[in-house]
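Asker: My questions all concern the structure below.
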Amino acid sequence: MSGQNPVTPDAEGLAAAAKAATRAAEEAAGQAPGKARSLPPVHLWNPPFSGDLDIRIARDGSWHYLGTPFTRFELVKLFASILKLEDGRYYLVTPAEKVGITVEDAPFVAVDFEVADKGRDQVITFTTNIGDTAAAGPEHPIRVTRDAASGEPSPYVMVRAGLEALIDRKSFYRLAELGEHHGGWFGVWSQGAFFGLIPSAELEAD
């Protein structure tokens with residue numbers, strides 16, 4: 001892939017290191033390995049940069065290695081657990097290695113959500129394509145960007161540590177059904193926070 005350099009170890013070696021790091025994190029937390037999914041403490045790891053690896057996360061959330069889609073969901077979940085965002089770049093990190101990867105848009109896709117309560121007490125909990133959940137709120141904000149040319153909206157929700165999920169189209173339409181006007185915006189409430197989806201004036205103009 002253009003702009004990327006060969007790196008050692010390869011994806012297989014990185015996966016082995018990630019598994020070992022995950023087991024160590026579970027043991028340190030007093031958890032039985034494999035009994036519950038525990039995210040490794042990547043925020044504590046700062047190894048030297050090892051180079052770029054030809055891994056790409058497409059806009060639809062699919063992972064590719066050397067141009068070929070990943071076929072093992074367990075491997076996608078493993079690599080997603082050691083994903084880290086630093087200075088605008090995405091890396092897969094273990095205690096000993098840090099390799100750069102390509103992310104076309106957001107690293108995750110929010111494929112569904114559940115709603116509890118109503119109004120300002122409403123809680124919207126998203127589920128991503130890898131099974132993570134995030135309850136929208138002050139720590140997990142929703143934001144919407146607009147394509148400068150087409151005006152097409154791209155909605156996102158924060159999942160963890162700067163890593164966002166692109167909210168898929170069907171979920172965004174469902175989200176809009178929960179919307180109301182507040183402060184000049186049409187948007188949704190979750191955990192007491194209001195997230196604007198589109199300026200109210202634009203809807204009134206239609």
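Letters for chains follow the order of the structure tokens (A, B, ...), residue numbers begin at 1 for each chain, and ligand numbers begin at 1 in the order shown.
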So that I can see what lies close to stretch 65-79 of chain A, please list as a PDB file with N, CA, C and O atoms, in the first residue's frame the residues with an atom at most 10 Å from it, counting only C-alpha atoms and leaving out residues fewer than 6 positions away in the same chain.

Answerer:
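As written to disk, out29.pdb reads:
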ATOM      1  N   MET A   1       0.856  -1.193   0.000  1.00  0.00           N
ATOM      2  CA  MET A   1       0.000   0.000   0.000  1.00  0.00           C
ATOM      3  C   MET A   1       0.883   1.230   0.000  1.00  0.00           C
ATOM      4  O   MET A   1       1.861   1.309   0.733  1.00  0.00           O
ATOM      5  N   ALA A  11       1.178  -9.234  10.850  1.00  0.00           N
ATOM      6  CA  ALA A  11      -0.103  -9.250  11.567  1.00  0.00           C
ATOM      7  C   ALA A  11      -0.217 -10.457  12.489  1.00  0.00           C
ATOM      8  O   ALA A  11      -0.782 -10.366  13.576  1.00  0.00           O
ATOM      9  N   GLU A  12       0.319 -11.584  12.062  1.00  0.00           N
ATOM     10  CA  GLU A  12       0.243 -12.798  12.883  1.00  0.00           C
ATOM     11  C   GLU A  12       1.015 -12.623  14.186  1.00  0.00           C
ATOM     12  O   GLU A  12       0.525 -12.982  15.268  1.00  0.00           O
ATOM     13  N   LEU A  14       1.764  -9.779  15.590  1.00  0.00           N
ATOM     14  CA  LEU A  14       1.107  -8.752  16.377  1.00  0.00           C
ATOM     15  C   LEU A  14      -0.101  -9.336  17.112  1.00  0.00           C
ATOM     16  O   LEU A  14      -0.357  -8.991  18.271  1.00  0.00           O
ATOM     17  N   ALA A  15      -0.829 -10.246  16.447  1.00  0.00           N
ATOM     18  CA  ALA A  15      -1.990 -10.881  17.079  1.00  0.00           C
ATOM     19  C   ALA A  15      -1.558 -11.701  18.288  1.00  0.00           C
ATOM     20  O   ALA A  15      -2.214 -11.675  19.334  1.00  0.00           O
ATOM     21  N   ALA A  16      -0.453 -12.423  18.170  1.00  0.00           N
ATOM     22  CA  ALA A  16       0.046 -13.222  19.288  1.00  0.00           C
ATOM     23  C   ALA A  16       0.428 -12.325  20.462  1.00  0.00           C
ATOM     24  O   ALA A  16       0.130 -12.631  21.622  1.00  0.00           O
ATOM     25  N   ALA A  18      -0.799  -9.361  21.050  1.00  0.00           N
ATOM     26  CA  ALA A  18      -2.026  -8.776  21.585  1.00  0.00           C
ATOM     27  C   ALA A  18      -2.743  -9.751  22.513  1.00  0.00           C
ATOM     28  O   ALA A  18      -3.263  -9.366  23.560  1.00  0.00           O
ATOM     29  N   LYS A  19      -2.778 -11.025  22.140  1.00  0.00           N
ATOM     30  CA  LYS A  19      -3.406 -12.039  22.986  1.00  0.00           C
ATOM     31  C   LYS A  19      -2.686 -12.136  24.328  1.00  0.00           C
ATOM     32  O   LYS A  19      -3.317 -12.211  25.382  1.00  0.00           O
ATOM     33  N   THR A  22      -3.504  -9.113  26.421  1.00  0.00           N
ATOM     34  CA  THR A  22      -4.866  -9.174  26.943  1.00  0.00           C
ATOM     35  C   THR A  22      -4.947 -10.115  28.129  1.00  0.00           C
ATOM     36  O   THR A  22      -5.582  -9.815  29.143  1.00  0.00           O
ATOM     37  N   ARG A  37     -14.765 -10.076  28.400  1.00  0.00           N
ATOM     38  CA  ARG A  37     -13.914  -9.296  27.512  1.00  0.00           C
ATOM     39  C   ARG A  37     -13.352  -8.100  28.259  1.00  0.00           C
ATOM     40  O   ARG A  37     -14.092  -7.247  28.744  1.00  0.00           O
ATOM     41  N   LEU A  39     -10.650  -4.934  28.054  1.00  0.00           N
ATOM     42  CA  LEU A  39      -9.824  -4.147  27.143  1.00  0.00           C
ATOM     43  C   LEU A  39      -8.455  -3.912  27.760  1.00  0.00           C
ATOM     44  O   LEU A  39      -8.362  -3.478  28.911  1.00  0.00           O
ATOM     45  N   PRO A  40      -7.398  -4.203  27.023  1.00  0.00           N
ATOM     46  CA  PRO A  40      -6.050  -3.951  27.538  1.00  0.00           C
ATOM     47  C   PRO A  40      -5.846  -2.458  27.798  1.00  0.00           C
ATOM     48  O   PRO A  40      -6.466  -1.620  27.131  1.00  0.00           O
ATOM     49  N   LEU A  53       1.756  -1.010   8.998  1.00  0.00           N
ATOM     50  CA  LEU A  53       1.333  -2.342   8.581  1.00  0.00           C
ATOM     51  C   LEU A  53       0.146  -2.179   7.644  1.00  0.00           C
ATOM     52  O   LEU A  53      -0.705  -1.314   7.856  1.00  0.00           O
ATOM     53  N   ASP A  54       0.088  -2.999   6.610  1.00  0.00           N
ATOM     54  CA  ASP A  54      -0.952  -2.865   5.595  1.00  0.00           C
ATOM     55  C   ASP A  54      -2.281  -3.439   6.099  1.00  0.00           C
ATOM     56  O   ASP A  54      -2.788  -4.440   5.595  1.00  0.00           O
ATOM     57  N   ILE A  55      -2.809  -2.799   7.141  1.00  0.00           N
ATOM     58  CA  ILE A  55      -4.140  -3.103   7.644  1.00  0.00           C
ATOM     59  C   ILE A  55      -4.995  -1.868   7.421  1.00  0.00           C
ATOM     60  O   ILE A  55      -4.570  -0.748   7.724  1.00  0.00           O
ATOM     61  N   ARG A  56      -6.186  -2.069   6.881  1.00  0.00           N
ATOM     62  CA  ARG A  56      -7.081  -0.954   6.573  1.00  0.00           C
ATOM     63  C   ARG A  56      -8.479  -1.240   7.121  1.00  0.00           C
ATOM     64  O   ARG A  56      -9.003  -2.335   6.957  1.00  0.00           O
ATOM     65  N   ILE A  57      -9.044  -0.240   7.799  1.00  0.00           N
ATOM     66  CA  ILE A  57     -10.432  -0.318   8.230  1.00  0.00           C
ATOM     67  C   ILE A  57     -11.235   0.522   7.254  1.00  0.00           C
ATOM     68  O   ILE A  57     -11.051   1.744   7.176  1.00  0.00           O
ATOM     69  N   ALA A  58     -12.112  -0.126   6.496  1.00  0.00           N
ATOM     70  CA  ALA A  58     -12.915   0.577   5.499  1.00  0.00           C
ATOM     71  C   ALA A  58     -14.029   1.369   6.170  1.00  0.00           C
ATOM     72  O   ALA A  58     -14.326   1.185   7.362  1.00  0.00           O
ATOM     73  N   TYR A  91      -3.159   3.511  15.532  1.00  0.00           N
ATOM     74  CA  TYR A  91      -2.117   2.513  15.732  1.00  0.00           C
ATOM     75  C   TYR A  91      -2.698   1.276  16.410  1.00  0.00           C
ATOM     76  O   TYR A  91      -3.683   1.361  17.153  1.00  0.00           O
ATOM     77  N   LEU A  92      -2.070   0.142  16.173  1.00  0.00           N
ATOM     78  CA  LEU A  92      -2.291  -1.047  16.978  1.00  0.00           C
ATOM     79  C   LEU A  92      -1.107  -1.131  17.924  1.00  0.00           C
ATOM     80  O   LEU A  92       0.058  -1.091  17.484  1.00  0.00           O
ATOM     81  N   VAL A  93      -1.396  -1.245  19.219  1.00  0.00           N
ATOM     82  CA  VAL A  93      -0.350  -1.095  20.232  1.00  0.00           C
ATOM     83  C   VAL A  93      -0.321  -2.297  21.164  1.00  0.00           C
ATOM     84  O   VAL A  93      -1.363  -2.773  21.638  1.00  0.00           O
ATOM     85  N   ILE A 101      -1.810   1.950  11.132  1.00  0.00           N
ATOM     86  CA  ILE A 101      -2.745   1.346  10.191  1.00  0.00           C
ATOM     87  C   ILE A 101      -3.560   2.465   9.540  1.00  0.00           C
ATOM     88  O   ILE A 101      -3.499   3.620   9.954  1.00  0.00           O
ATOM     89  N   ASN A 129     -20.286  -2.571  15.449  1.00  0.00           N
ATOM     90  CA  ASN A 129     -20.116  -3.768  14.617  1.00  0.00           C
ATOM     91  C   ASN A 129     -19.219  -4.818  15.268  1.00  0.00           C
ATOM     92  O   ASN A 129     -19.207  -5.976  14.835  1.00  0.00           O
ATOM     93  N   ILE A 130     -18.486  -4.451  16.308  1.00  0.00           N
ATOM     94  CA  ILE A 130     -17.657  -5.449  16.990  1.00  0.00           C
ATOM     95  C   ILE A 130     -18.213  -5.807  18.369  1.00  0.00           C
ATOM     96  O   ILE A 130     -17.558  -6.513  19.143  1.00  0.00           O
ATOM     97  N   GLY A 131     -19.417  -5.296  18.665  1.00  0.00           N
ATOM     98  CA  GLY A 131     -20.065  -5.688  19.911  1.00  0.00           C
ATOM     99  C   GLY A 131     -19.848  -4.765  21.082  1.00  0.00           C
ATOM    100  O   GLY A 131     -20.353  -5.033  22.177  1.00  0.00           O
ATOM    101  N   ASP A 132     -19.113  -3.667  20.908  1.00  0.00           N
ATOM    102  CA  ASP A 132     -18.962  -2.694  21.985  1.00  0.00           C
ATOM    103  C   ASP A 132     -20.265  -1.909  22.142  1.00  0.00           C
ATOM    104  O   ASP A 132     -21.040  -1.767  21.185  1.00  0.00           O
TER     105      ASP A 132
END

Asker: Please identify the strand (DSSP E) residues within stretch 105-182 of chain A (assignment by DSSP from backbone atoms) and present them as a ChimeraX atom specification.

Answerer: /A:108-116,123-128,133-135,142-146,153-160,163-167,180-182

Asker: Using only C-alpha atoms, which protein or nucleic acid residues come within 8 Å of A:Ile124? Drop anything in the same chain fewer than 2 positions from it, and give the result as a list in words.

Answerer: Phe113, Glu114, Val115, Ala116, Gln122, Phe126, Ala135, Ala136, Ser190 and Gln191 of chain A

Asker: Which residue, A:Leu175, A:Ala21, A:Ala148, A:Ala161, has the smallest gap to A:Leu197 when you use only C-alpha atoms?

Answerer: A:Leu175

Asker: As an NGL selection string, please: the residues near A:Glu177 (cut-off 10 Å, only C-alpha atoms, same-chain neighbours under 5 positions excluded).

Answerer: :A and (171-172 or 187-188)

Asker: Here is a test: counting only C-alpha atoms, which residue of A:Glu202, A:Asp112, A:Asp60, A:Glu139 is nearest to A:Thr127?

Answerer: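 Going through A:Glu202, A:Asp112, A:Asp60, A:Glu139 one by one, the smallest distance to A:Thr127 is for A:Asp112.
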
Asker: Under the rule that only C-alpha atoms are counted, which of A:Tyr90, A:Thr125, A:Thr102, A:Ser150 is the nearest residue to A:His64?

Answerer: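 Nearest to A:His64: A:Thr102.
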
Asker: Distance atom CA of A:Leu166-atom CA of A:Val144, one decimal place?

Answerer: 9.6 Å

Asker: What gap, in Å, lies between atom CA of A:Asp10 and atom CA of A:Gly162?

Answerer: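 Distance between the two atoms: 25.7 Å.
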
Asker: Which one of A:Trp189, A:Gly61, A:His182, A:Ser200 sits closest to A:Ile142 if you count only C-alpha atoms?

Answerer: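 Checking each candidate against A:Ile142, we get A:Trp189 as the closest.
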
Asker: What separation in Å, quoted to one decimal, exists between atom CA of A:Lys98 and atom CA of A:Leu44?

Answerer: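 We find that atom CA of A:Lys98 and atom CA of A:Leu44 lie 12.6 Å from each other.
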
Asker: Check the smallest atom-to-atom distance from each of A:Gly88, A:Val157, A:Ser81, A:Ile167 to A:Pro138 using only C-alpha atoms, then report the winner.

Answerer: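 Among the listed residues, the smallest separation from A:Pro138 belongs to A:Val157.
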
Asker: From the options A:Ala24, A:Leu203, A:Ala134, A:Ala193, which residue's atoms come nearest to A:Asp121, counting only C-alpha atoms?

Answerer: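 Checking each of A:Ala24, A:Leu203, A:Ala134, A:Ala193 against A:Asp121, counting only C-alpha atoms, the winner is A:Ala193.
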